[in-house]
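Before any comments, here is the structure.
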Amino acid sequence: MPSIKKSKADDPLEELRKRAAQAPQSPGIYRWLDKNGKVLYIGKAKNLRNRLKSYLPPVASAKGGGQKEDKKLGPWKLAMRKQLADFDVTVTNSELEALVLETNLIKENKPKYNVLMKDDKSYLYVQISRDPYPIVEVVRRNTAPNTIGFGPFIGADNIRKTMDMLHSVFPYKACKKSLESLNRAAEKGEDTSKIFNKDSKPCLELQIGECCGLCKGMLSHKQYCEIIDNVSDFLKGKRKTAINKLTEKMKQAASEKKFEKAAKFRNTIQSIEHMESQLVSDTSNEDTDILGMAVVNGKALVVLFKVRDGKLIDDLSLTLAGEAENVSEALAQFIPQYYSTTPDIPNVIVIGEELEEHSLLQQWLEDQRDKKVELRIPERGKKSKLLMLAEKNAQEKMKQMETKWETAAANIENALEELQNTLELAEKPKRIECYDISHLSGSETVGSMAVAKNGKAANDQYRSFTIRTLKDGEVDDYKALAETLKRRLKYLTQNIKEEEKKWKAKGITFGKVRKKEIEFLEKTTKEKIDPKDFIVARKADVIISYGSMREHKGAIVELEHLWTHEKWQDPILVSLMARKLLHRIKKGKVYAIMKKEDENFFGELGFQYIKDVPAPLKKKLKDRTVMMYSLKDHKDDSSLLAKPDLLVIDGGKGQVSTIAAVLKKLELEIPLIGLAKREEEVFIPSSSHPISFQKDSQAKFLLMRLRNEAHRFANHLREKKGSKAAIHSALDDVTGIGEKTKKELMERFGSVEGIRNASDIELSQILSESQLEALRETI
């Protein structure tokens with residue numbers, strides 16, 4: 001059979017090849033994008049043109065040359081190439097600049113085909129400030145200026161137990177009152193030894209053993225700093241001092257016949273010695289990180305051994321997200337991501353493969369550390385053996401994870417198949433949405449939408465709904481659920497152009513005001529009008545509906561004069577008129593004044609109740625309600641535009657019936673079930689009795705997990721809203737603090753308690769000295 005040569009016109013990548021051939025030959029970073037503009041991959045290059053062209057080999061010839069090029073690319077690059085629609089480049093002055101920019105952009109965009117460290121919120125760091133009286137804290141992000149950091153550590157319990165143990169050996173914990181007072185005095189050059197003494201009132205922490213006694217003058221500045229130095233040495237891996245101290249305490253407890261206490265000290269010593277595994281004894285005493293990387297089926301995992309003073313003091317196992325072609329590529333992306341988050345960069349970093357950007361990465365590491373760093377591939381000796389062990393551990397852990405993934409995948413597949421059969425669905429539900437309502441005695445009511453795609457939680461698809469049609473203190477879960485689903489499902493039904501076509505088939509058209517119609521509009525509105533503000537709907541050249549958008553002083557925009565002839569009182573027509581008017585406004589807020597009976601209608605459009613009514617609208621109220629529509633909350637949303645295969649409601653028969661009515665009104669046919677909490681029963685609209693699932697049903701477990709996710713998400717949102725409201729309320733009485741400052745405090749500290757517990761140093765980054773003083777006096 002003769003081969004068919006593919007024409008260039010049929011090749012979707014031909015335009016990209018032409019553009020790549022014109023790309024700059026400078027160093028820089030490049031981003032591959034899909035048809036929606038989403039970033040698929042971010043990379044750096046010494047020569048941008050050559051690197052971009054390497055992704056786009058020529059069209060396959062009759063001799064099969066293109067197929068050889070495809071094999072060079074590897075499976076994930078081939079998969080990515082099918083989605084390529086565009087690229088973007090940023091030129092830099094050097095390869096080093098490109099490396100820094102690439103690392104930052106990968107963290108920010110999290111592209112699908114890059115190797116990614118998991119969200120750094122899951123890692124913990126110990127942070128020691130450089131204040132005259134240093135403050136020791138366990139934090140989620142090691143980003144505070146003027147601090148020394150250690151980590152990352154995995155597992156909150158483990159690091160906190162370690163820090164508690166350290167406090168028992170080197171009592172470093174001090175109450176905030178003493179640290180703030182002493183640091184403030186030291187900064188002013190005052191004599192700190194006179195601030196606290198034995199007659200000072202002890203803090204509660206001292207009474208329960210959680211304070212070293214600075215607030216009672218029990219430690220001098222020198223003694224406290226020596227304790228902090230010992231803590232710092234321990235975290236650096238120098239643990240001999242700690243072991244000696246514990247040994248003294250153990251012997252003293254034994255001599256006093258306090259054998260239980262002595263046993264605790266003995267166990268702590270053994271725990272520290274276990275941390276200091278004698279697997280390696282390196283006479284070079286070089287501080288070293290050993291990186292053992294495994295890549296299986298595009299997934300990557302790294303085992304990191306930390307060697308300090310010749311002893312293996314810690315090991316981390318880090319599973320990486322994204323797609324990895326091979327070990328060297330995974331290492332090249334992991335190294336800058338990891339070492340840009342940790343302050344602990346050693347003299348030597350041991351890896352198993354030569355990297356294309358070896359010297360560049362080594363230069364970047366030295367810039368990060370401000371000291372010499374060697375990126376080493378060992379050929380023999382202790383480090384070589386330890387690297388082999390790290391790589392073996394990585395391979396074994398990856399095998400175990402693959403087995404877990406396969407089991408989980410099989411369970412999910414069985415669950416989806418069972419849902420399809422039990423609920424008699426046309427196909428397996430690829431997208432399942434679950435809804436729940438949360439409130440606090442009728443206030444801060446929110447609706448949540450949790451999403452499972454192919455049986456797995458899709459967190460980026462979760463959405464929340466602040467309930468607008470319930471007044472403060474009103475409790476009505478049915479009404480709240482109905483509002484949530486109406487607002488969510490409207491995205492599947494509302495398409496202005498398509499709706500206009502349907503009305504046109506009924507003889508109704510929409511347009512601007514004609515000159516001869518001005519008199520009619522002024523007569524019915526009883527005021528002088530600007531025809532540019534209006535749109536009208538006509539039936540055989542007769543106006544049957546109109547509405548307008550007016551701008552008042554101060555850029556206050558009002559939707560008004562929403563009128564429909566009594567023969568055409570169709571809420572769907574009125575809704576279309578309102579949405580056409582709202583579609584004119586591109587940003588900002590729109591206000592509407594309505595009678596009480598129209599509040600639900602405006603609520604379903606997306607308007608919400610407000611407390612502060614703009615001045616131009618106050619005189620128009622006359623016992624009516626003002627609601628507001630925020631344009632930024634109504635942008636196109638890929639999650640809301642996606643049609644679900646199954647809707648799950650947290651509730652029983654009553655809740656299901658409520659949502660079934662919503663679906664009927666919207667003329668949507670989407671399978672619907674309710675999952676009642678008490679007996680975990682599943683209800684469908686067509687039956688008053690729950691349907692039965694198999695015992696230990698994977699399908700039911702999947703539904704329960706998703707329902708629990710929706711419940712957790714709803715509660716989290718409600719608590720967040722409550723915290724913000726509480727902060728605003730508490731800060732209202734503080735003089736000199738405006739709305740912008742309140743917002744900053746909310747974002748930084750999260751709650752009133754968080755603000756109370758914050759140090760003056762932290763608060764002074766947001767507040768002036770007078771604001772800080774007013775805040776402390778008020779709350």
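Simple scheme: letters A, B, ... for chains in structure tokens order, numbers from 1 for residues in each chain, numbers from 1 for ligands in the order shown.
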| So which bits of segment 129-234 of chain A end up strand (DSSP E) when you DSSP the backbone, as a ChimeraX atom specification? | /A:129,136-139,147-154
| query | What lies within 6 Å of Asp315 of chain A using only C-alpha atoms, ignoring chain neighbours under 5 positions off, as a ChimeraX atom specification? | reply | /A:304-306
Write the residues you've just listed into a file as a short mmCIF file (atom, residue, chain, number, x, y, z; two decimals), in the first residue's frame, and include N, CA and C atoms for each of them.
```
data_model
loop_
_atom_site.label_atom_id
_atom_site.label_comp_id
_atom_site.auth_asym_id
_atom_site.auth_seq_id
_atom_site.Cartn_x
_atom_site.Cartn_y
_atom_site.Cartn_z
N LEU A 304 15.68 11.56 50.60
CA LEU A 304 16.77 12.49 50.93
C LEU A 304 17.35 12.09 52.29
N PHE A 305 18.63 11.72 52.29
CA PHE A 305 19.35 11.44 53.54
C PHE A 305 20.15 12.69 53.93
N LYS A 306 19.99 13.13 55.19
CA LYS A 306 20.76 14.27 55.68
C LYS A 306 21.91 13.78 56.54
#
```
| query | So which residues touch Val626 of chain A within 9 Å, counting only C-alpha atoms, skipping near sequence neighbours fewer than 3 positions away, as number ranges by chain? | reply | A: 591-594, 608-611, 613, 617-618, 621
| request: Quick one: everything within 10 Å of Glu286 of chain A, counting only C-alpha atoms, minus sequence neighbours fewer than 3 positions away in the same chain. Send it as a list in words. | output: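 The neighbour list is Asp282, Thr283, Asp289, Val307, Arg308, Asp309, Gly310, Lys311, Pro346, Asn347 and Val348 of chain A.
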| field | Contacts of Lys107 of chain A at 9 Å (only C-alpha atoms; same-chain gap of 5+ positions) as a VMD selection string | value | chain A and resid 102 116 to 117 119 337
| Can you list, as a list in words, every protein, DNA or RNA residue that comes within 9 Å of segment 687-695 of chain A when you count only C-alpha atoms, leaving out same-chain residues fewer than 3 positions away? |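 My list of contacting residues is Glu418, Thr422, Leu423, Gly652, Lys653, Glu681, Val682, Phe683, Ile684, Gln698, Ala699 and Lys700 of chain A.
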| Running DSSP on the backbone, which parts of segment 175-272 of chain A land in helix (DSSP H, G or I), as JSON, numbers by chain? | {"A": [176, 177, 178, 179, 180, 181, 182, 183, 184, 185, 186, 187, 192, 193, 194, 204, 205, 206, 207, 214, 215, 216, 221, 222, 223, 224, 225, 226, 227, 228, 229, 230, 231, 232, 233, 234, 235, 240, 241, 242, 243, 244, 245, 246, 247, 248, 249, 250, 251, 252, 253, 254, 255, 259, 260, 261, 262, 263, 264, 265, 266, 267, 268, 269, 270, 271, 272]}
| field | Separation of atom CA of Pro336 of chain A from atom CA of Ala23 of chain A, in Å and rounded to one decimal | value | 25.9 Å
Which polymer residues have any atom within 9 Å of an atom of Glu354 of chain A, counting only C-alpha atoms, with same-chain residues fewer than 3 positions away left out, as a PDB file with C-alpha atoms, in the first residue's frame?
```
ATOM      1  CA  SER A 328      18.105  13.463  35.507  1.00  0.00           C
ATOM      2  CA  ILE A 351      23.180  12.892  43.087  1.00  0.00           C
ATOM      3  CA  GLU A 357      22.622  22.129  33.785  1.00  0.00           C
ATOM      4  CA  HIS A 358      25.061  20.745  36.421  1.00  0.00           C
ATOM      5  CA  ARG A 376      28.725  15.676  43.416  1.00  0.00           C
ATOM      6  CA  ILE A 377      28.342  12.313  41.661  1.00  0.00           C
TER       7      ILE A 377
END
```
| A:Asp623, A:Glu248, A:Glu379, A:Glu366: which is nearest Glu353 of chain A, counting only C-alpha atoms? | A:Glu379
